[in-house]
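Trainee: Quick one: the structure is below, questions incoming.
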Amino acid sequence: MTTARRLLRVSDPNRFGRVAVLMGGSSSERDVSLDSGRNVVDALRRRGVQAEPVDGIPALVTALVEQRFDRVFNILHGQRGGGEDGVVQGLLEAFRVPYTGSDVLGSALSMDKIRTKQVWLALDLPTPRYVRLAPNDDVRAAVRSVGLPVIVKPASEGSSVGVSRVLSEAELPDALALARRYPGELLMEQLIDGDELTVAVLGREALPSIRIVPAGAYYDYHAKYVAETTQYICPGLEGKAEADLRALALRAFEAAGCGGWGRVDVMRDRAGANFLLEVNTSPGMTTHSLVPKAARAAGIEFGELVWRVLETSL
Ligand SMILES: Nc1ncnc2c1ncn2[C@@H]1O[C@H](COP(=O)(O)OP(=O)(O)O)[C@@H](O)[C@H]1O
Ligand SMILES: [Mg+2]
């Protein structure tokens, strides 16, 4: 397992060989991925690494067949073959080419919010109460078992798409209709009223948490990518609360079979209890992204962060 490996630190850029920075692709997150990828290529080249952009999985397949690269920095974002769900990881395993980020298991599991929660619950790690909603399930019974207010969301989307808060039964039909626009299963989760936090993991360490304070009700697509009014407070907590949160995020990350780097999303209720939401195995690396913010607070500037992520592939 990834967690059993020791992390190698290197200073010679030639140790990495020829690096493909895998970006773009055909998922809805293509543009964010291209933006992240360009930043990664620039940062690696500035440090003397031989890095080349590769746009999408078909181009990667050709490059692999032609043996053009020694390793891959994966910065594709997206599910269903989009680059973060285990598919490309399996391809790279088959070609025996090392890559950054989580392996097949960690990537595939984290893409499925329901099964990630099942693993956490089995290990007594805290996550909001939930029910899985199959197509013909009795949703009112589901609401009664979780208890209002609830969150309804697709099990395998990202960027808050398809997510609704449901405060009364009257709001249920719209929430279900929205979530059902996306393929895969749905889940209904206990709504945690409190602070939203995210913890970046780099190698074997959790970086300082970030508290996300959206101007609106919650961290929706608009707050993530459009609004300039969202505030990011880093570290998000202080003292023991911050240390406990980081330790929890690291345990949750490793429990989900993840490795290398990633980001764990958490809600913290008004009484100070943490609830794990999900793991992101291929977080953004744009100038607005959260992992670079957390790294900076830990004294790790962008170029050093990119280098360290690449080191996790050694
Ligand atoms: N159980 C919950 N309680 C409160 N807010 C939630 C809950 N689940 C999701 N949210 C809100 O919805 C956003 C997106 O949910 P999340 O599970 O992180 O999925 P994704 O980021 O993959 O779309 C979160 O950042 C948070 O603002
Ligand atoms: Mg999230």
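Going through the structure tokens in order, the chains are called A, B, and so on, while each chain numbers its residues from 1 and the ligands are numbered from 1 in the order shown.
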Per residue of chain A within 7 Å of ligand 1, note the shortest atom pair and the distance in Å to one decimal, counting only C-alpha atoms and all ligand atoms, and order the rows by chain and increasing residue number, as a Markdown table.

Mentor:
| residue | atom | partner | partner_atom_place_in_ligand_line | distance |
| --- | --- | --- | --- | --- |
| A:Pro128 | CA | ligand 1 | 1 (N) | 5.6 |
| A:Ile151 | CA | ligand 1 | 1 (N) | 5.6 |
| A:Glu157 | CA | ligand 1 | 22 (O) | 5.4 |
| A:Gly158 | CA | ligand 1 | 22 (O) | 3.3 |
| A:Ser159 | CA | ligand 1 | 23 (O) | 4.1 |
| A:Ser160 | CA | ligand 1 | 23 (O) | 3.0 |
| A:Val161 | CA | ligand 1 | 23 (O) | 5.5 |
| A:Val163 | CA | ligand 1 | 12 (O) | 6.0 |
| A:Glu189 | CA | ligand 1 | 1 (N) | 5.1 |
| A:Gln190 | CA | ligand 1 | 1 (N) | 5.2 |
| A:Leu191 | CA | ligand 1 | 3 (N) | 3.6 |
| A:Ile192 | CA | ligand 1 | 3 (N) | 3.8 |
| A:Asp193 | CA | ligand 1 | 4 (C) | 6.0 |
| A:Glu196 | CA | ligand 1 | 27 (O) | 6.4 |
| A:Tyr218 | CA | ligand 1 | 27 (O) | 4.6 |
| A:Tyr219 | CA | ligand 1 | 27 (O) | 4.0 |
| A:Asp220 | CA | ligand 1 | 13 (C) | 5.9 |
| A:Asp265 | CA | ligand 1 | 18 (O) | 5.8 |
| A:Met267 | CA | ligand 1 | 4 (C) | 6.4 |
| A:Leu277 | CA | ligand 1 | 17 (O) | 5.0 |
| A:Glu278 | CA | ligand 1 | 17 (O) | 5.6 |

Trainee: Near A:Arg38, counting only C-alpha atoms, which residues have an atom at most 9 Å away, once you skip same-chain residues fewer than 2 positions from it, shown as a list in words?

Mentor: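 Contacts, with the query itself left out: Val21, Met23, Ser33, Leu34, Asp35, Ser36, Val40, Val41, Asp42, Ala43, Pro53 and Thr286 of chain A.
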
Trainee: Could you check which of A:Val97, A:Ala271, A:Val306, A:Val266 is closest to ligand 2, using only C-alpha atoms and all ligand atoms?

Mentor: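 The shortest atom-to-atom distance to ligand 2 comes from A:Val266.
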
Trainee: Which residues, written as an mmCIF file with all heavy atoms, in the first residue's frame, have at least one atom at most 8 Å from A:Arg270, with only C-alpha atoms counted and residues fewer than 2 positions away on the same chain left out?

Mentor:
data_model
loop_
_atom_site.group_PDB
_atom_site.id
_atom_site.type_symbol
_atom_site.label_atom_id
_atom_site.label_comp_id
_atom_site.auth_asym_id
_atom_site.auth_seq_id
_atom_site.Cartn_x
_atom_site.Cartn_y
_atom_site.Cartn_z
ATOM 1 N N ASP A 193 -24.611 21.960 9.987
ATOM 2 C CA ASP A 193 -24.649 23.415 10.029
ATOM 3 C C ASP A 193 -23.425 23.881 10.806
ATOM 4 O O ASP A 193 -23.264 23.554 11.975
ATOM 5 C CB ASP A 193 -25.952 23.845 10.717
ATOM 6 C CG ASP A 193 -26.086 25.347 10.752
ATOM 7 O OD1 ASP A 193 -25.579 26.010 9.815
ATOM 8 O OD2 ASP A 193 -26.668 25.866 11.721
ATOM 9 N N GLY A 194 -22.544 24.595 10.118
ATOM 10 C CA GLY A 194 -21.334 25.058 10.799
ATOM 11 C C GLY A 194 -20.310 25.522 9.800
ATOM 12 O O GLY A 194 -20.665 26.123 8.792
ATOM 13 N N ASP A 195 -19.053 25.219 10.060
ATOM 14 C CA ASP A 195 -17.977 25.704 9.197
ATOM 15 C C ASP A 195 -17.560 24.655 8.182
ATOM 16 O O ASP A 195 -17.550 23.460 8.479
ATOM 17 C CB ASP A 195 -16.742 26.069 10.035
ATOM 18 C CG ASP A 195 -16.959 27.339 10.828
ATOM 19 O OD1 ASP A 195 -17.743 28.196 10.359
ATOM 20 O OD2 ASP A 195 -16.372 27.464 11.917
ATOM 21 N N ARG A 268 -17.680 21.158 10.039
ATOM 22 C CA ARG A 268 -17.503 21.189 11.491
ATOM 23 C C ARG A 268 -18.737 21.831 12.098
ATOM 24 O O ARG A 268 -19.076 22.974 11.748
ATOM 25 C CB ARG A 268 -16.262 22.021 11.805
ATOM 26 C CG ARG A 268 -15.903 22.140 13.257
ATOM 27 C CD ARG A 268 -14.637 22.999 13.361
ATOM 28 N NE ARG A 268 -14.287 23.297 14.725
ATOM 29 C CZ ARG A 268 -13.612 22.481 15.512
ATOM 30 N NH1 ARG A 268 -13.212 21.316 15.083
ATOM 31 N NH2 ARG A 268 -13.353 22.829 16.754
ATOM 32 N N GLY A 272 -18.358 21.934 17.413
ATOM 33 C CA GLY A 272 -16.945 21.621 17.178
ATOM 34 C C GLY A 272 -16.663 20.181 16.779
ATOM 35 O O GLY A 272 -15.518 19.744 16.817
ATOM 36 N N ALA A 273 -17.708 19.446 16.376
ATOM 37 C CA ALA A 273 -17.485 18.067 15.902
ATOM 38 C C ALA A 273 -17.218 18.086 14.398
ATOM 39 O O ALA A 273 -17.908 18.791 13.650
ATOM 40 C CB ALA A 273 -18.705 17.202 16.209
#

Trainee: Please provide the set of residues having any atom within 12 Å of A:Ala122, restricted to only C-alpha atoms, with same-chain residues fewer than 6 positions apart removed, written as an MDAnalysis selection string.

Mentor: chainID A and resid 115:116 252 255:256

Trainee: Go ahead and write the selection's residues with all heavy atoms as a CSV table (one decimal), in the first residue's frame.

Mentor:
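This is the output file result-v4.csv:
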chain,number,residue,atom,x,y,z
A,115,ARG,N,-19.4,4.8,-1.0
A,115,ARG,CA,-18.5,3.7,-0.6
A,115,ARG,C,-17.4,4.3,0.2
A,115,ARG,O,-16.8,3.6,1.1
A,115,ARG,CB,-18.1,2.9,-1.8
A,115,ARG,CG,-19.2,2.0,-2.2
A,115,ARG,CD,-19.2,1.4,-3.6
A,115,ARG,NE,-20.4,0.7,-3.8
A,115,ARG,CZ,-21.6,1.3,-4.2
A,115,ARG,NH1,-21.6,2.6,-4.4
A,115,ARG,NH2,-22.6,0.5,-4.4
A,116,THR,N,-17.0,5.5,0.0
A,116,THR,CA,-15.9,6.1,0.8
A,116,THR,C,-16.5,6.3,2.3
A,116,THR,O,-15.8,5.9,3.2
A,116,THR,CB,-15.6,7.6,0.3
A,116,THR,OG1,-15.1,7.4,-1.0
A,116,THR,CG2,-14.5,8.2,1.1
A,252,ALA,N,-8.4,9.8,7.4
A,252,ALA,CA,-9.4,9.6,6.4
A,252,ALA,C,-8.9,9.3,5.0
A,252,ALA,O,-9.3,8.5,4.3
A,252,ALA,CB,-10.4,10.8,6.4
A,255,ALA,N,-7.3,5.9,5.0
A,255,ALA,CA,-8.3,4.9,5.1
A,255,ALA,C,-8.9,4.7,3.8
A,255,ALA,O,-9.3,3.5,3.4
A,255,ALA,CB,-9.4,5.3,6.1
A,256,ALA,N,-9.0,5.7,3.0
A,256,ALA,CA,-9.6,5.6,1.6
A,256,ALA,C,-8.6,5.1,0.6
A,256,ALA,O,-8.9,5.0,-0.6
A,256,ALA,CB,-10.2,6.9,1.2

Trainee: I'd like the contact shell of A:Arg45 - 10 Å cut-off, only C-alpha atoms, skipping same-chain residues fewer than 5 positions apart - returned as a tab-separated table (two decimals) with N, CA and C atoms, in the first residue's frame.

Mentor:
chain	number	residue	atom	x	y	z
A	13	PRO	N	17.03	17.33	-10.71
A	13	PRO	CA	15.85	17.22	-11.58
A	13	PRO	C	15.92	16.05	-12.56
A	40	VAL	N	1.80	23.73	-13.64
A	40	VAL	CA	2.69	22.64	-13.23
A	40	VAL	C	3.88	22.53	-14.19
A	50	GLN	N	12.56	18.02	-17.05
A	50	GLN	CA	12.15	17.86	-18.45
A	50	GLN	C	10.66	17.52	-18.46
A	51	ALA	N	9.81	18.53	-18.58
A	51	ALA	CA	8.36	18.32	-18.49
A	51	ALA	C	7.66	18.74	-19.78
A	52	GLU	N	6.73	17.90	-20.22
A	52	GLU	CA	5.97	18.17	-21.45
A	52	GLU	C	4.49	18.03	-21.17
A	303	GLY	N	6.39	26.35	-6.65
A	303	GLY	CA	7.38	25.50	-7.32
A	303	GLY	C	7.82	24.33	-6.45

Trainee: Which residues in stretch 135-226 of chain A does DSSP call alpha helix (DSSP H)? List them as a VMD selection string.

Mentor: chain A and resid 139 to 146 172 to 179 221 to 225
